[in-house]
Amino acid sequence: MSKELIRLSDCVMSYDGDVVLDHINLYINDREFLTLLGPSGCGKTTTLRIIGGFLSPTAGDVFFDGVRINDVPPHKRAVNTVFQKYALFPHLNVYENVAFGLRIPRAETVERDGKAASRKVKLSKQEIHNRVMEMLEVVNLKGFERRSVSALSGGQQQRVAIARALVNRPKVLLLDEPLGALDMRLRKDMQGELKRIQREMGITFIYVTHDQEEALAMSDTVVVMDQGKIQQIGTPEDIYNEPKNAFVADFIGESNILDGVMRADGVVEIFNRRFPCLDKGFAPDEPVDVVIRPEDVDIVDPGSGQLRGTVTAVTFKGVHYDTIVDFYGFKWLIQTTDFCPAGSDIGIQIDPDGIHVMRKSQYSGLFGDYSSYSEEYEEIGDADYVPDGEEDGHEA
Amino acid sequence: MKHKRSLLALPYVGWMALFVVAPIVMVVVYAFTTAGFEPTASNFTGMGTYVSIFARSFQLALIATVICLLIGYPISYVMAKEGPGFQRVATVLIMLPMWVNFLLRTYSWMAILENNGLLNQLFDAIGLFDLINGLFGTDLTYFRMIRTQGAVVLGMVYNYLPFMILPIYSVILKLDRSLLEAAQDLGANSAYVFRRVIFPLSLPGVLSGVTMVFVPSVSTFAISRLLGGGTHMMLGDLIEQQFLGGAYNPHLGSAIALVMMLIVIVCMWVMNRFGQGEEQAVVL
Amino acid sequence: MKKQRRVGSRLFMALVFLFLYAPILLMVVFSFNAGNSNAVWQGFSLRWYEALFQDRSIMGSVYTTLLVSLLATLVATVAGTFAAVGLYSMRRRRRNALLAVNNIPMTNADIVTGVSLCLLFVAVFGFWNQFAANYRFTLNLFGTVYRITFPQLSLGFGTMLIAHITFNIPYVILSVGPKLRQMDGNLVDAARDLGCTWMGAFFKVILPEIKPGIISGALIAFTMSVDDFVISYFTAGTSVSTLAMEIYGMARRRISPEINAISTLLFVVVLALLAFHNIRESRAQRAAARRTY
């Protein structure tokens, strides 16, 4: 069903020797919902701008439908963008914002005297009207045509931006953190809305976000990026269940990441204890990273578990308790519906499919310990954290 | 607490009442009274004599404004596209002449435009007069430039061009780059982006530039005196004569000033409306 | 092709700058002319500079110009800054109404501002002088008789200064206002919360935040004062004159080449100040750059 539409081949982007994209290889299929996910400065917006034509890669090629498009300017690409802060034209009303692309005369090649000639074609008023109204209907903004864009709420502006980008019937829609400026409730609604629009229009969406939940909920394919490199490409399930390295495991969801040694196929040793698992294909006694998701841990009596530890903190989260447990000086996060008071001794039991083994990487040892756990741990610990998603701030 | 802070503006509000509002009230009072402060409208009814002066002033100011716009817009546009270092130098270079009083600069133009001035010397040196005389059988030795309306317009353009450039430049500079990218993304080439996005969004700058050039131009008296030689009387000269000149009549002077400002305000208002109207025309 | 367009645009800019600077350049050149022509070069000489320093009326007018500009800038900057802080703590509607009045001197034609102030001063002084002429007091204090009279007032330096202050304040408010609007409204509250007094918050929090706006406002005010002719002309009366008024008076007769000399001197001073400022700024930038590494 799916055919390849866009391919980035060995794309490198650097500014004054500062490498922002490091040999990116990526293909995107027709009608796919693909998300570029990563922290600020990981290169995801740069990748999007290369596809949109606002940047040209320092090295490497971009193909669209098999044709190299490195030097094709944005206005000649069958790709449209929903910009981060919408970039709606303040001097035009809702209708005219959406009609903007339709009013531009297009060059069309026609056969004349056996020769191909190009001429400018304008759409008729009626056709423009029909298409604008159709788009406004798709984004649920009927009746807003005459409104000034500055009088709209954030969510409505968002819809105008989507309608404006889609009215040209692009093959691909690029969305740069489109929900970043909306509040939580609206975000959730718009996620569903975007998914619906993508299905209805039957086109490819390339979506940039730093919100892993959003990425998992919406995408067919997730591309996790960090430091200008692709860390993993896969379906949301793959990314969550089979993270390739400690970075992906930590960035997607909560994870306890432990040092382990692979003793044999299906046997991993943590804290000098052997645990049965499902992973195979490692060298004998290879040091590995082991990921255990907090919800895959069962709490049992101290005597009967695989490991024995002490609860150090408990936080009530509504559906479950976030329980921090100390095992031999290493603190785990366990999500459980059983309340265990701080200070109590517990045992734990992990099913073989709850243990995921990864090869060691540059990220080993950096993540996965909950000894100073707090909600904002990542934000506080990262001095470069930019709350607004204002990353990739390189202007050419 | 915030209200306490707003008291800081109180002295200035008093100052404005005294030195901004009261003087304008005085102008209105003078305009509608006789020398003995009897109410009258005769200051206005007798203004028909000066129609030609009104017409000339508005005509010359309009020409100067259009020329300033034609030079100033491209300069602003080009400047806004340059790098920040270049922009800083260019901005300073545009402001710098203003620190030399405008009469000094205008006075310098007198020397350039004189019949035996530098420009005519230059034309002579490159053989322009010989060429023309040879072609048409005339015996030109100079172009008459000073004491013409052209010289007055030149003086206006020269003095007020920075007032056109700076507001347009700052508006274009502040344009959100993502708007231009969005237009490109939707299929517009650079000409279309300029016509449908950059230009309409820079209209506020154009409007304030036009005001800042037109208002001093239409009311000038120093430029017309120095470069026009006083032969082409303008509104400024007329008003000045009523206050400090031979034809002392501040009541008539106030009336003329009032009418002048009213016409200017109406012009600006129409232009504002027109500017918005155009926007709406695009919208429909 | 892109390069060509760039060259074209640079050429256009160069031509415009030539247009702007040609008259100034000529003034500089002919200030060193031996003859008294502004068009015919008759050899190098400093005679106009010598004449200039002995010309009391021109030197006096330069002094008046600088004094009125500096004083007006100083007063307008302080008053304008306080006024701006006050205006931007008001409710929006009242603020906008006052800002509309504030804008009048900026958008009004100079000549209208000039004659209206002239009318006001003349009328007020008329009343005052009548009062002063009719009322004299004698005061008998412990046997000594004091005769108290009121002075007669007329247009002069004071009225010109008031006029300059009046048209300068709006520029200060205009450049300070946006900085105040950008400022986080909670900053002052935070400072107060941390124990600052009301005045302390003003000097420690507001002032540093809006300093760039104040500086550029002062600069604009000074520029406008130096460049002004029309308003001074109507408000200065006959006793004092600025440099511009001096030239305007000369234009009826013949303008002395001393004017070239004084213009050159002023221009050189401005250039020197500018160069000094730029050097200092680039040094500060370099120092800041070094600090970040």
# chains A, B, ... in the order shown; residues from 1 in each chain; ligands from 1
call {"tool": "residues_around", "arguments": {"residues": "B:Leu104", "least_positions_apart": "6", "cutoff": "10 Å", "atoms": "only C-alpha atoms", "output": "VMD selection string"}}
result
chain C and resid 23 to 24 27 227 243 to 244 247 to 248 259 to 260 262 to 263
call {"tool": "closest_atom_pairs", "arguments": {"of": "stretch 53-157 of chain B", "to": "stretch 223-226 of chain C", "cutoff": "10 Å", "atoms": "only C-alpha atoms", "output": "CSV"}}
result
residue,atom,partner,partner_atom,distance
B:Met95,CA,C:Thr223,CA,9.0
B:Leu96,CA,C:Thr223,CA,9.3
B:Met98,CA,C:Thr223,CA,6.8
B:Trp99,CA,C:Thr223,CA,5.9
B:Val100,CA,C:Val226,CA,7.6
B:Asn101,CA,C:Val226,CA,6.2
B:Phe102,CA,C:Val226,CA,9.1
call {"tool": "select_by_dssp", "arguments": {"residues": "stretch 21-162 of chain A", "states": "alpha helix (DSSP H)", "output": "PyMOL selection string"}}
result
chain A and resi 44-52+94-103+125-138+154-162
call {"tool": "atom_distance", "arguments": {"atom1": "atom CA of B:Val213", "atom2": "atom CA of C:Ile169"}}
result
20.9 Å
call {"tool": "residues_around", "arguments": {"residues": "stretch 47-53 of chain B", "least_positions_apart": "6", "cutoff": "7 Å", "atoms": "only C-alpha atoms", "output": "PyMOL selection string"}}
result
chain B and resi 233-235
call {"tool": "interface_residues", "arguments": {"of": "chain A", "to": "chain B", "cutoff": "6 Å", "atoms": "only C-alpha atoms", "output": "ChimeraX atom specification"}}
result
/A:74-75,80,87,96,101
call {"tool": "write_last_selection", "arguments": {"atoms": "C-alpha atoms", "output": "compact mmCIF listing (two decimals), in the first residue's frame"}}
result
# COMPACT_ATOMS: atom_id res chain seq x y z
CA PRO A 74 9.80 26.34 -1.03
CA HIS A 75 7.19 27.86 -3.32
CA ASN A 80 3.06 22.88 2.95
CA ALA A 87 2.45 32.74 11.08
CA GLU A 96 -8.19 35.40 2.87
CA GLY A 101 -2.25 29.96 -1.69
call {"tool": "interface_residues", "arguments": {"of": "chain B", "to": "chain C", "cutoff": "6 Å", "atoms": "only C-alpha atoms", "output": "number ranges by chain"}}
result
B: 2, 5-9, 12, 23-24, 27, 99, 101-103, 108, 111, 117-118, 215-216
call {"tool": "write_last_selection", "arguments": {"atoms": "N, CA and C atoms", "output": "mmCIF file, in the first residue's frame"}}
result
data_model
loop_
_atom_site.group_PDB
_atom_site.id
_atom_site.type_symbol
_atom_site.label_atom_id
_atom_site.label_comp_id
_atom_site.auth_asym_id
_atom_site.auth_seq_id
_atom_site.Cartn_x
_atom_site.Cartn_y
_atom_site.Cartn_z
ATOM 1 N N LYS B 2 -0.159 50.651 41.960
ATOM 2 C CA LYS B 2 -0.025 51.074 40.571
ATOM 3 C C LYS B 2 -0.594 52.477 40.387
ATOM 4 N N ARG B 5 1.754 55.064 41.446
ATOM 5 C CA ARG B 5 2.779 55.324 40.458
ATOM 6 C C ARG B 5 2.252 56.218 39.331
ATOM 7 N N SER B 6 0.962 56.065 39.025
ATOM 8 C CA SER B 6 0.436 56.855 37.914
ATOM 9 C C SER B 6 0.420 58.347 38.256
ATOM 10 N N LEU B 7 0.564 58.676 39.550
ATOM 11 C CA LEU B 7 0.631 60.086 39.932
ATOM 12 C C LEU B 7 1.874 60.761 39.366
ATOM 13 N N LEU B 8 2.891 59.958 39.039
ATOM 14 C CA LEU B 8 4.116 60.517 38.480
ATOM 15 C C LEU B 8 3.846 61.301 37.198
ATOM 16 N N ALA B 9 2.760 60.937 36.506
ATOM 17 C CA ALA B 9 2.458 61.605 35.246
ATOM 18 C C ALA B 9 1.768 62.942 35.465
ATOM 19 N N TYR B 12 3.367 66.256 34.306
ATOM 20 C CA TYR B 12 3.414 66.368 32.864
ATOM 21 C C TYR B 12 2.027 66.654 32.283
ATOM 22 N N PRO B 23 -2.187 76.560 24.138
ATOM 23 C CA PRO B 23 -1.795 77.294 22.933
ATOM 24 C C PRO B 23 -2.715 77.013 21.739
ATOM 25 N N ILE B 24 -3.158 75.740 21.621
ATOM 26 C CA ILE B 24 -4.027 75.427 20.489
ATOM 27 C C ILE B 24 -5.380 76.119 20.658
ATOM 28 N N VAL B 27 -4.951 79.543 19.463
ATOM 29 C CA VAL B 27 -4.998 79.653 17.999
ATOM 30 C C VAL B 27 -6.443 79.682 17.531
ATOM 31 N N TRP B 99 22.197 66.243 12.720
ATOM 32 C CA TRP B 99 22.896 66.957 13.788
ATOM 33 C C TRP B 99 23.518 68.260 13.286
ATOM 34 N N ASN B 101 22.327 71.491 11.697
ATOM 35 C CA ASN B 101 21.004 72.100 11.580
ATOM 36 C C ASN B 101 20.547 72.193 10.128
ATOM 37 N N PHE B 102 19.242 71.973 9.918
ATOM 38 C CA PHE B 102 18.757 71.849 8.544
ATOM 39 C C PHE B 102 18.916 73.134 7.751
ATOM 40 N N LEU B 103 18.994 74.270 8.429
ATOM 41 C CA LEU B 103 19.222 75.501 7.682
ATOM 42 C C LEU B 103 20.644 75.554 7.124
ATOM 43 N N SER B 108 23.822 75.264 2.197
ATOM 44 C CA SER B 108 24.829 74.681 1.327
ATOM 45 C C SER B 108 24.267 74.410 -0.069
ATOM 46 N N ALA B 111 24.549 77.285 -2.554
ATOM 47 C CA ALA B 111 25.809 77.419 -3.269
ATOM 48 C C ALA B 111 25.895 76.441 -4.441
ATOM 49 N N GLY B 117 26.951 78.485 -9.642
ATOM 50 C CA GLY B 117 27.252 77.540 -8.567
ATOM 51 C C GLY B 117 27.926 76.289 -9.086
ATOM 52 N N LEU B 118 28.130 75.357 -8.159
ATOM 53 C CA LEU B 118 28.935 74.182 -8.485
ATOM 54 C C LEU B 118 28.297 73.286 -9.535
ATOM 55 N N VAL B 215 3.832 66.956 6.311
ATOM 56 C CA VAL B 215 3.454 68.043 7.224
ATOM 57 C C VAL B 215 4.517 69.149 7.271
ATOM 58 N N PRO B 216 5.794 68.823 7.505
ATOM 59 C CA PRO B 216 6.764 69.922 7.493
ATOM 60 C C PRO B 216 6.931 70.544 6.108
#
call {"tool": "atom_distance", "arguments": {"atom1": "atom CA of B:Ala64", "atom2": "atom CA of B:Tyr160"}}
result
8.9 Å
call {"tool": "select_by_dssp", "arguments": {"residues": "stretch 62-155 of chain C", "states": "strand (DSSP E)", "output": "list of chain:residue names"}}
result
C:Phe137, C:Thr138, C:Leu139, C:Asn140, C:Leu141, C:Thr144, C:Val145, C:Tyr146, C:Arg147, C:Ile148
call {"tool": "write_last_selection", "arguments": {"atoms": "C-alpha atoms", "output": "PDB file, in the first residue's frame"}}
result
ATOM      1  CA  PHE C 137       4.146  97.727  46.760  1.00  0.00           C
ATOM      2  CA  THR C 138       6.048  99.480  49.395  1.00  0.00           C
ATOM      3  CA  LEU C 139       6.836  97.534  52.482  1.00  0.00           C
ATOM      4  CA  ASN C 140       7.856  99.151  55.721  1.00  0.00           C
ATOM      5  CA  LEU C 141       9.898  96.726  57.771  1.00  0.00           C
ATOM      6  CA  THR C 144      13.379 100.396  56.319  1.00  0.00           C
ATOM      7  CA  VAL C 145      11.211 100.960  53.295  1.00  0.00           C
ATOM      8  CA  TYR C 146      11.357  98.296  50.586  1.00  0.00           C
ATOM      9  CA  ARG C 147       9.969  99.114  47.189  1.00  0.00           C
ATOM     10  CA  ILE C 148       8.681  95.946  45.521  1.00  0.00           C
TER      11      ILE C 148
END
call {"tool": "residues_around", "arguments": {"residues": "A:Leu152", "least_positions_apart": "3", "cutoff": "12 Å", "atoms": "only C-alpha atoms", "output": "list of chain:residue names"}}
result
A:Leu88, A:Pro90, A:Asn93, A:Val94, A:Leu141, A:Phe144, A:Glu145, A:Arg146, A:Arg147, A:Ser148, A:Val149, A:Gly155, A:Gln156, A:Gln157, A:Gln158, A:Arg159, A:Val160, A:Ala161
call {"tool": "residues_around", "arguments": {"residues": "C:Ala191", "least_positions_apart": "5", "cutoff": "9 Å", "atoms": "only C-alpha atoms", "output": "PyMOL selection string"}}
result
chain C and resi 186+196-197+200-201+204-205
call {"tool": "write_last_selection", "arguments": {"atoms": "all heavy atoms", "output": "PDB file, in the first residue's frame"}}
result
ATOM      1  N   ASN C 186       5.272  42.016  36.885  1.00  0.00           N
ATOM      2  CA  ASN C 186       5.496  41.480  38.223  1.00  0.00           C
ATOM      3  C   ASN C 186       6.840  41.879  38.815  1.00  0.00           C
ATOM      4  O   ASN C 186       7.084  41.659  39.993  1.00  0.00           O
ATOM      5  CB  ASN C 186       5.406  39.952  38.196  1.00  0.00           C
ATOM      6  CG  ASN C 186       3.975  39.505  38.023  1.00  0.00           C
ATOM      7  OD1 ASN C 186       3.058  40.207  38.433  1.00  0.00           O
ATOM      8  ND2 ASN C 186       3.780  38.372  37.385  1.00  0.00           N
ATOM      9  N   CYS C 196      11.888  45.999  48.898  1.00  0.00           N
ATOM     10  CA  CYS C 196      12.248  47.295  48.343  1.00  0.00           C
ATOM     11  C   CYS C 196      11.193  48.325  48.719  1.00  0.00           C
ATOM     12  O   CYS C 196      10.006  48.015  48.770  1.00  0.00           O
ATOM     13  CB  CYS C 196      12.305  47.230  46.825  1.00  0.00           C
ATOM     14  SG  CYS C 196      13.951  47.175  46.167  1.00  0.00           S
ATOM     15  N   THR C 197      11.624  49.557  48.944  1.00  0.00           N
ATOM     16  CA  THR C 197      10.632  50.622  49.105  1.00  0.00           C
ATOM     17  C   THR C 197      10.125  50.977  47.722  1.00  0.00           C
ATOM     18  O   THR C 197      10.654  50.543  46.702  1.00  0.00           O
ATOM     19  CB  THR C 197      11.263  51.876  49.719  1.00  0.00           C
ATOM     20  OG1 THR C 197      12.274  52.342  48.826  1.00  0.00           O
ATOM     21  CG2 THR C 197      11.848  51.585  51.077  1.00  0.00           C
ATOM     22  N   GLY C 200      12.774  52.732  45.955  1.00  0.00           N
ATOM     23  CA  GLY C 200      13.851  51.782  45.699  1.00  0.00           C
ATOM     24  C   GLY C 200      13.532  50.915  44.505  1.00  0.00           C
ATOM     25  O   GLY C 200      14.382  50.652  43.650  1.00  0.00           O
ATOM     26  N   ALA C 201      12.283  50.462  44.426  1.00  0.00           N
ATOM     27  CA  ALA C 201      11.875  49.641  43.297  1.00  0.00           C
ATOM     28  C   ALA C 201      12.024  50.414  41.995  1.00  0.00           C
ATOM     29  O   ALA C 201      12.463  49.884  40.979  1.00  0.00           O
ATOM     30  CB  ALA C 201      10.416  49.187  43.470  1.00  0.00           C
ATOM     31  N   LYS C 204      15.907  50.679  41.382  1.00  0.00           N
ATOM     32  CA  LYS C 204      16.661  49.423  41.248  1.00  0.00           C
ATOM     33  C   LYS C 204      16.091  48.506  40.179  1.00  0.00           C
ATOM     34  O   LYS C 204      16.794  47.653  39.660  1.00  0.00           O
ATOM     35  CB  LYS C 204      16.681  48.691  42.584  1.00  0.00           C
ATOM     36  CG  LYS C 204      17.649  49.320  43.550  1.00  0.00           C
ATOM     37  CD  LYS C 204      17.880  48.414  44.734  1.00  0.00           C
ATOM     38  CE  LYS C 204      18.803  49.072  45.738  1.00  0.00           C
ATOM     39  NZ  LYS C 204      18.457  48.759  47.097  1.00  0.00           N
ATOM     40  N   VAL C 205      14.804  48.647  39.881  1.00  0.00           N
ATOM     41  CA  VAL C 205      14.195  47.697  38.944  1.00  0.00           C
ATOM     42  C   VAL C 205      13.736  48.376  37.656  1.00  0.00           C
ATOM     43  O   VAL C 205      14.154  48.021  36.564  1.00  0.00           O
ATOM     44  CB  VAL C 205      13.010  46.967  39.608  1.00  0.00           C
ATOM     45  CG1 VAL C 205      12.359  46.023  38.617  1.00  0.00           C
ATOM     46  CG2 VAL C 205      13.493  46.216  40.827  1.00  0.00           C
TER      47      VAL C 205
END
call {"tool": "closest_residue", "arguments": {"among": "C:Leu273, C:Val75, C:Leu265, C:Ala14", "to": "C:Phe32", "atoms": "only C-alpha atoms"}}
result
C:Leu265
call {"tool": "residues_around", "arguments": {"residues": "A:Gln306", "least_positions_apart": "6", "cutoff": "9 Å", "atoms": "only C-alpha atoms", "output": "compact mmCIF listing (two decimals) with N, CA, C and O atoms, in the first residue's frame"}}
result
# COMPACT_ATOMS: atom_id res chain seq x y z
N ARG A 273 22.17 -11.20 40.45
CA ARG A 273 21.08 -12.16 40.44
C ARG A 273 20.65 -12.40 39.01
O ARG A 273 20.66 -11.46 38.22
N ARG A 274 20.28 -13.60 38.70
CA ARG A 274 19.88 -13.90 37.33
C ARG A 274 18.38 -13.76 37.17
O ARG A 274 17.62 -14.22 38.01
N PHE A 275 18.01 -13.11 36.07
CA PHE A 275 16.59 -12.93 35.77
C PHE A 275 16.31 -13.54 34.41
O PHE A 275 17.07 -13.33 33.47
N GLY A 347 9.29 -7.07 48.45
CA GLY A 347 9.94 -7.88 47.45
C GLY A 347 9.33 -7.59 46.10
O GLY A 347 8.20 -7.09 46.03
N ILE A 348 10.07 -7.86 45.02
CA ILE A 348 9.48 -7.63 43.71
C ILE A 348 9.65 -8.84 42.81
O ILE A 348 10.54 -9.68 42.98
N GLN A 349 8.79 -8.86 41.82
CA GLN A 349 8.76 -9.97 40.88
C GLN A 349 8.62 -9.33 39.49
O GLN A 349 7.76 -8.47 39.29
N ILE A 350 9.47 -9.73 38.53
CA ILE A 350 9.36 -9.19 37.17
C ILE A 350 9.21 -10.34 36.20
O ILE A 350 10.01 -11.27 36.20
call {"tool": "atom_distance", "arguments": {"atom1": "atom CA of C:Tyr49", "atom2": "atom CA of C:Ala34"}}
result
10.9 Å
call {"tool": "closest_residue", "arguments": {"among": "A:Gly354, A:Gly281, A:Gly305, A:Gly368", "to": "A:Phe251", "atoms": "only C-alpha atoms"}}
result
A:Gly368
call {"tool": "residues_around", "arguments": {"residues": "A:Val172", "least_positions_apart": "6", "cutoff": "10 Å", "atoms": "only C-alpha atoms", "output": "PyMOL selection string"}}
result
chain A and resi 5-6+28+30-33+51-52+77-81+165-166+202-206
call {"tool": "write_last_selection", "arguments": {"atoms": "N, CA and C atoms", "output": "compact mmCIF listing (two decimals), in the first residue's frame"}}
result
# COMPACT_ATOMS: atom_id res chain seq x y z
N LEU A 5 7.85 8.36 -0.42
CA LEU A 5 7.57 9.68 -0.99
C LEU A 5 8.77 10.62 -0.82
N ILE A 6 9.34 10.62 0.37
CA ILE A 6 10.45 11.53 0.64
C ILE A 6 11.62 10.71 1.15
N ILE A 28 10.24 8.50 4.06
CA ILE A 28 8.88 8.71 4.56
C ILE A 28 7.91 8.23 3.50
N ASP A 30 4.19 7.49 1.60
CA ASP A 30 2.96 8.19 1.28
C ASP A 30 1.90 7.86 2.34
N ARG A 31 1.16 8.85 2.73
CA ARG A 31 0.03 8.73 3.68
C ARG A 31 0.45 8.31 5.07
N GLU A 32 1.70 8.48 5.38
CA GLU A 32 2.20 8.10 6.69
C GLU A 32 2.08 9.27 7.66
N PHE A 33 1.85 8.98 8.92
CA PHE A 33 1.94 10.01 9.95
C PHE A 33 3.24 9.78 10.69
N ILE A 51 13.12 19.70 4.59
CA ILE A 51 12.06 19.13 3.76
C ILE A 51 11.18 20.25 3.19
N GLY A 52 10.93 21.28 3.98
CA GLY A 52 10.10 22.39 3.51
C GLY A 52 10.79 23.28 2.49
N ARG A 77 7.55 23.54 -4.08
CA ARG A 77 7.46 22.19 -3.54
C ARG A 77 6.01 21.84 -3.21
N ALA A 78 5.67 20.58 -3.42
CA ALA A 78 4.31 20.11 -3.14
C ALA A 78 4.17 19.78 -1.66
N VAL A 79 4.72 20.68 -0.84
CA VAL A 79 4.78 20.46 0.59
C VAL A 79 4.31 21.75 1.24
N ASN A 80 3.46 21.67 2.24
CA ASN A 80 3.06 22.88 2.95
C ASN A 80 3.30 22.73 4.44
N THR A 81 3.44 23.87 5.10
CA THR A 81 3.88 23.86 6.49
C THR A 81 2.87 24.54 7.40
N ALA A 165 -2.71 25.64 5.06
CA ALA A 165 -1.67 24.78 4.50
C ALA A 165 -2.28 23.66 3.66
N LEU A 166 -3.48 23.22 4.04
CA LEU A 166 -4.06 22.07 3.35
C LEU A 166 -4.80 22.45 2.07
N GLY A 202 -6.06 11.95 3.46
CA GLY A 202 -5.23 10.90 2.86
C GLY A 202 -3.86 11.40 2.41
N ILE A 203 -3.22 12.25 3.22
CA ILE A 203 -1.89 12.74 2.85
C ILE A 203 -0.89 12.45 3.97
N THR A 204 0.37 12.69 3.64
CA THR A 204 1.44 12.44 4.59
C THR A 204 1.57 13.61 5.57
N PHE A 205 1.69 13.30 6.86
CA PHE A 205 1.98 14.33 7.86
C PHE A 205 3.37 14.08 8.42
N ILE A 206 4.18 15.13 8.45
CA ILE A 206 5.45 15.04 9.17
C ILE A 206 5.36 16.01 10.33
call {"tool": "closest_residue", "arguments": {"among": "B:Met268, B:Met16, B:Ala222, B:Leu166", "to": "B:Leu207", "atoms": "only C-alpha atoms"}}
result
B:Met268
